[in-house]
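> My questions all concern the structure below.
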Amino acid sequence: MTGKSRSCFFLNRRQSTLLFLLVSLVILAGITVAGVLLEEQAAVTDFTRTNLAPGRAFWFGTDWMGRDMFIRTIAGLSLSIRIGVLTAAVSAAAALVLGTAAATLGRRADSVISWCIDLVMGIPHILLVMLISIACGRGFAGVVAGVSLSHWPSLARVIRGEVLQLRNTPYILVAEKLGVSKLQIAGRHMLPHLFPQFLTGLILLFPHAILHEASVTFLGFGLSSEQPAIGVILSESMQYLTTGRWWLALFPGLSLVLVVGLFALLGERVRYLLDPSSVHE
Amino acid sequence: MMKKRLISGLLTVALGAGLLAGCGGSSSSGQEGGDRQDTSSVVVAMGPTSEPEAGFDPAYGWGAGEHVHEPLIQSTLTVTNTDLTIGCDLATEYGASEDGLTWTVKIRDDVSFTDGEPLTAEDVAFTYNTVKEESTVNDFTMLDYAEAVDDTTVLFHMTRAFSIWPYTMAVVGIVPEHAYDSATYGSNPIGSGRYILKQWDRGQQVILEANPDYYGEAPKMKRVTILFMEEDAAFLAAKAGEVDLAYTSATYSDQQVEGYNLASYASVDNRGFNLPAAGATTDQEGRTVGNDFTADVLVRRAINIGVDRQEMIDHVLNGYGSPAYSVCDQLPWYNEASQVEYDPEEAAALLDQAGWTMGEDGVREKDGQKAELHLLYSTGDSVRQALAADFAGQMEELGISCTTEGVGWDTAYDRALADPLLWGWGAHTPMELYNIYHTMEGTGTAQYSPYSNETVDTYMDQALASPDLESSYELWQKAQWDGSAGVTQEGDIPWVWLVNIDHLYWVRDGLQVAEQKVHPHGHGWSVVNNVDQWTWSQSGKD
């Protein structure tokens with residue numbers, strides 16, 4: 001396995017993975033920054049250039065209000081990524097705190113938190129996102145609240161399991177016998193061990209968060225329709241599919257898939273790098 | 001051997017001929033999409049929101065409410081004519097007392113419900129007393145109670161004079177007292193109208209069949225099938241030749257459907273922005289009410305003449321629309337003084353006069369304050385969104401910086417008290433003027449947007465108190481503009497009206513749709529108001 005990958009470009013697996021990480025990070029960061037800069041331009045309407053098919057001037061075509069779909073798509077992806085970062089961070093923090101608390105604070109706390117995890121996991125994600133988003137008044141705040149308050153349980157469960165396992169390892173038991181405080185054990189002895197799991201989980205939350213943001217907006221319970229969100233773009237494009245304006249759905253949809261795929265691969269590769277069992281491959 | 005080969009050869013030829021004939025047959029029927037065997041039935045596609053949720057019960061919004069139309073299954077006392085004056089259906093004569101507090105209506109004595117029972121004044125009185133109690137969509141507070149004097153005379157005792165009562169009588173379908181149960185009537189209605197409800201598959205279709213005992217002219221269309229489908233599905237259904245008439249919108253107007261033509265009917269389905277005519281304050285409920293920028297009448301006047309309505313129609317509606325200058329364009333109570341010419345220079349001069357001078361960045365300023373409008377539209381409505389965007393573009397040219405935001409109807413009413421919202425109105429009753437412009441008791445401002453003018457209120461109160469309908473039209477017109485005060489350009493202009501949206505339909509070649517009344521707001525049942533008079537021409541093409 002290890003020998004073969006050397007043949008291409010004289011990079012070993014680790015180096016090529018690092019290169020991939022770097023490139024994809026640059027792409028994602030580039031989209032995010034470009035989207036922020038283009039936000040104002042994405043809202044520009046010009047009724048002299050409506051419904052143009054993709055061409056040299058407008059790579060992704062224009063819509064029924066003459067908005068440049070390429071700029072809108074970039075702005076939309078940027079918005080999605082930013083929402084994804086925010087919600088993934090909130091979710092991951094909640095998962096870390098709750099997962100650790102469940103595993104270290106005794107049986108009662110564990111059963112309460114486990115019950116919460118089961119409860120949230122028992123409700124279909126999209127339904128929960130919709131409900132929370134509506135309760136928080138839709139819009140940006142609603143979507144962020146909805147997505148971040150519904151995505152923590154799976155990661156929390158993984159972390160809880162990991163901590164439970166760690167708690168019975170000899171080095172932790174020894175530390176306990178030596179009288180090290182619980183907080184110190186959690187911070188000094190457990191966190192470093194949890195970190196790879198946590199980071200991978202965090203990155204893998206992105207695609208979920210982005211897709212759920214897009215779908216809840218697509219269904220009309222998320223971002224408001226003047227914002228350049230991918231969900232908005234896709235739901236608008238549905239109206240125009242029957243009249244043959246395929247470019248309104250195709251390119252933004254493809255771009256969303258690409259970004260989500262990039263994040264998924266990123267998470268995967270980070271795991272390779274951090275996981276002790278595969279780090280030297 | 002030869003024989004076998006001959007037979008198989010013959011069979012091949014026969015099969016080929018059959019196939020050819022089959023192809024020929026189908027292609028010819030495809031070409032003559034309008035040529036139909038059945039000339040007494042019609043299939044109509046409407047939007048899913050046109051399906052009456054509570055069924056065909058006038059007490060729960062059938063025919064009445066926001067989207068008025070003729071109830072078809074039931075008879076009404078009066079009807080609106082094509083010019084929106086009042087004609088008679090069940091009523092033979094009607095009139096109000098001098099003080100306007102009693103309406104006497106005489107009805108025909110030869111009408112029976114489809115279950116054979118005669119329709120009497122008792123049924124009419126029962127209907128009105130029921131809708132007064134039950135109706136959630138219409139205001140019946142002006143009615144005290146209805147009373148049957150004899151079999152053919154009904155008295156309406158009013159709580160206040162209401163000269164436009166005949167317009168209310170035109171939308172309330174008469175239900176039978178002996179067969180009315182509010183729980184079941186909606187799905188199993190008995191009426192005396194032109195059609196009988198034959199079948200209703202919720203979420204899919206309604207089938208109406210002509211009432212064989214109808215007292216008026218017998219319906220020419222014996223069977224009317226209404227399908228409820230989304231706009232894109234309706235378009236595909238027309239393309240597939242499955243419907244005879246399908247609603248559509250400007251989005252599809254540049255498409256071609258073989259065997260169909262695009263019919264466009266004028267409407268008062270208008271779109272316009274409210275311009276809060278008071279400075280910003282906070283009310284008891286904590287809502288922001290009023291807008292410091294639009295509080296200045298000169299600003300509102302500048303906006304009204306600074307918007308090129310025809311450009312909007314060309315840009316957004318693909319040309320299918322007409323400029324709107326009031327909430328009731330071309331209706332009998334419309335005042336032509338509402339009409340204005342597009343004049344951007346005059347608009348700029350008005351803004352200068354108001355103290356809003358052009359800044360270096362192309363945005364007007366006054367005392368360090370930027371000229372800004374935050375425009376709201378109902379989210380999910382692409383036409384309103386595009387209208388708002390086009391309006392914003394035009395305002396930017398005047399030096400007013402604009403932002404747009406899509407809002408849901410759950411918050412739109414409150415938000416509109418402070419920021420312009422793109423509304424859609426247009427009903428077959430002058431009451432709409434009252435609802436929009438008349439000061440509400442208690443709050444001291446109109447219902448939907450901060451505005452109040454005593455002169456305007458007085459004209460409308462007089463119009464309602466007027467003993468007869470004809471003379472009330474003039475008072476409604478004066479409420480809009482009487483030469484010195486009103487809601488037009490020279491007056492307070494608290495709303496700016498933009499466009500009337502033509503209602504578009506794919507109509508199968510050969511289907512003769514009878515002359516349409518000016519369509520009201522709502523792109524639904526209005527088109528089939530006179531479906532009984534529709535016909536198929538003999539040849540598909542003429």
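Chain identifiers are assigned as A, B, and so on, following the order in which chains appear in the structure tokens; residues are numbered from 1 within each chain, and ligands are numbered from 1 in order of appearance.
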What lies within 7 Å of range 118-128 of chain B using only C-alpha atoms, ignoring chain neighbours under 4 positions off, as a PyMOL selection string?

chain B and resi 111-113+132+146-148+150-154+174-177

> Write out as an mmCIF file with C-alpha atoms, in the first residue's frame each polymer residue whose atoms come within 9 Å of Leu211 in chain A, counting only C-alpha atoms; drop sequence neighbours fewer than 2 positions from it.


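Below you can see around.cif, which holds the result:
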```cif
data_model
loop_
_atom_site.group_PDB
_atom_site.id
_atom_site.type_symbol
_atom_site.label_atom_id
_atom_site.label_comp_id
_atom_site.auth_asym_id
_atom_site.auth_seq_id
_atom_site.Cartn_x
_atom_site.Cartn_y
_atom_site.Cartn_z
ATOM 1 C CA SER A 80 -23.888 28.333 3.366
ATOM 2 C CA GLY A 84 -22.035 25.727 8.296
ATOM 3 C CA PHE A 206 -20.297 20.753 7.879
ATOM 4 C CA PRO A 207 -21.885 18.882 4.989
ATOM 5 C CA HIS A 208 -24.858 18.006 7.183
ATOM 6 C CA ALA A 209 -25.264 21.560 8.369
ATOM 7 C CA GLU A 213 -29.568 24.811 5.796
ATOM 8 C CA ALA A 214 -30.208 24.501 2.066
ATOM 9 C CA SER A 215 -33.140 22.147 2.448
ATOM 10 C CA VAL A 216 -34.896 24.072 5.201
ATOM 11 C CA GLY A 231 -31.823 26.817 -0.923
ATOM 12 C CA LEU A 256 -23.514 22.758 -3.627
ATOM 13 C CA VAL A 257 -22.764 19.069 -4.164
ATOM 14 C CA VAL A 260 -20.376 19.380 0.375
#
```

> Could you write out as a list in words the residues of chain A within 7 Å of chain B, counting only C-alpha atoms?

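Per the criterion, chain A yields Thr45, Phe47, Met65, Ser224, Ser225, Glu226, Gln239, Thr242 and Thr243 of chain A.
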
> State, in Å with one decimal place, the distance from CA of Ile233 in chain A to CA of Ala75 in chain A.

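Going from CA of Ile233 in chain A over to CA of Ala75 in chain A, I get 10.9 Å.
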
> Excluding range 215-227 of chain B and its own-chain neighbours fewer than 5 positions away, which residues fall within 9 Å of it when counting only C-alpha atoms? Please give them as a ChimeraX atom specification.

/B:39-48,89,110-112,192-195,203-210,234,243,531-535

> I'd like the contact shell of Asp118 in chain A - 10 Å cut-off, only C-alpha atoms, skipping same-chain residues fewer than 4 positions apart - returned as a PyMOL selection string.

chain A and resi 112-114+122-123+153-154+157

> Those same residues - N, CA and C atoms - I'd like them written as a PDB file, in the first residue's frame.


```pdb
ATOM      1  N   VAL A 112     -29.654  11.423  32.101  1.00  0.00           N
ATOM      2  CA  VAL A 112     -30.380  12.610  31.621  1.00  0.00           C
ATOM      3  C   VAL A 112     -29.878  13.002  30.231  1.00  0.00           C
ATOM      4  N   ILE A 113     -28.565  13.074  30.091  1.00  0.00           N
ATOM      5  CA  ILE A 113     -28.001  13.506  28.808  1.00  0.00           C
ATOM      6  C   ILE A 113     -28.267  12.467  27.719  1.00  0.00           C
ATOM      7  N   SER A 114     -28.150  11.199  28.076  1.00  0.00           N
ATOM      8  CA  SER A 114     -28.446  10.153  27.092  1.00  0.00           C
ATOM      9  C   SER A 114     -29.893  10.245  26.639  1.00  0.00           C
ATOM     10  N   GLY A 122     -34.401  11.096  17.963  1.00  0.00           N
ATOM     11  CA  GLY A 122     -35.645  10.420  17.605  1.00  0.00           C
ATOM     12  C   GLY A 122     -36.503  11.245  16.663  1.00  0.00           C
ATOM     13  N   ILE A 123     -36.317  12.570  16.687  1.00  0.00           N
ATOM     14  CA  ILE A 123     -37.104  13.435  15.796  1.00  0.00           C
ATOM     15  C   ILE A 123     -36.341  13.598  14.490  1.00  0.00           C
ATOM     16  N   PRO A 153     -26.281  15.693  18.698  1.00  0.00           N
ATOM     17  CA  PRO A 153     -26.391  14.415  19.408  1.00  0.00           C
ATOM     18  C   PRO A 153     -25.474  13.310  18.907  1.00  0.00           C
ATOM     19  N   SER A 154     -25.321  13.157  17.582  1.00  0.00           N
ATOM     20  CA  SER A 154     -24.531  12.020  17.116  1.00  0.00           C
ATOM     21  C   SER A 154     -23.077  12.145  17.572  1.00  0.00           C
ATOM     22  N   ARG A 157     -22.795  11.526  21.266  1.00  0.00           N
ATOM     23  CA  ARG A 157     -22.840  10.117  21.607  1.00  0.00           C
ATOM     24  C   ARG A 157     -21.474   9.449  21.395  1.00  0.00           C
TER      25      ARG A 157
END
```

> Which of range 104-272 of chain B end up as helix (DSSP H, G or I) when DSSP is run on this backbone - answer as number ranges by chain?

B: 121-134, 165-169, 177-179, 231-239, 250-252

> Any chance you could list, as JSON, numbers by chain, the residues in range 273-466 of chain B that come up strand (DSSP E) when DSSP is run on the backbone?

{"B": [273, 274, 281, 282, 288, 289, 321, 322, 323, 357, 358, 364, 365, 366, 369, 370, 372, 373, 374, 375, 376, 377, 378, 401, 402, 403, 404, 405, 406, 407, 422, 423, 424, 425]}

> What gap, in Å, lies between CA of Ile400 in chain B and CA of Ser322 in chain B?

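We find that CA of Ile400 in chain B and CA of Ser322 in chain B lie 25.0 Å from each other.
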
> Could you give me, as a list in words, the residues within 9 Å of Trp103 in chain B, counting only C-alpha atoms and dropping anything in the same chain fewer than 2 positions from it?

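Listing them by chain and then by number gives Tyr94, Gly95, Ala96, Ser97, Gly100, Leu101, Val105, Val154, Leu155, Phe156, His157, Met158 and Trp165 of chain B.
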
> Would you compute the distance between CA of Ser24 in chain A and CA of Gly139 in chain A? Give it in Å to one decimal.

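According to the coordinates, CA of Ser24 in chain A and CA of Gly139 in chain A are separated by 29.0 Å.
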
> So that I can check the surroundings of Ala43 in chain A, please list as a list in words every protein, DNA and RNA residue that reaches within 8 Å of it, counting only C-alpha atoms and ignoring chain neighbours fewer than 2 positions away.

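Contacts, with the query itself left out: Glu39, Glu40, Gln41, Thr45, Arg67, Arg72, Glu226, Gln227 and Pro228 of chain A.
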
> Considering only C-alpha atoms, return as JSON, numbers by chain whatever protein or nucleic-acid residues lie within 10 Å of range 58-69 of chain B, sequence-local ones (same chain, fewer than 4 positions apart) excluded.

{"B": [50, 51, 52, 53, 54, 73, 74, 79, 80, 127, 128, 129, 130, 131, 132, 133, 134, 135, 136, 137, 138, 139, 168, 170, 171, 172, 173, 174, 175, 182, 185, 186, 189, 425, 426, 427, 428, 429, 519, 520, 521, 522, 523, 524, 525, 526, 527, 528, 529]}
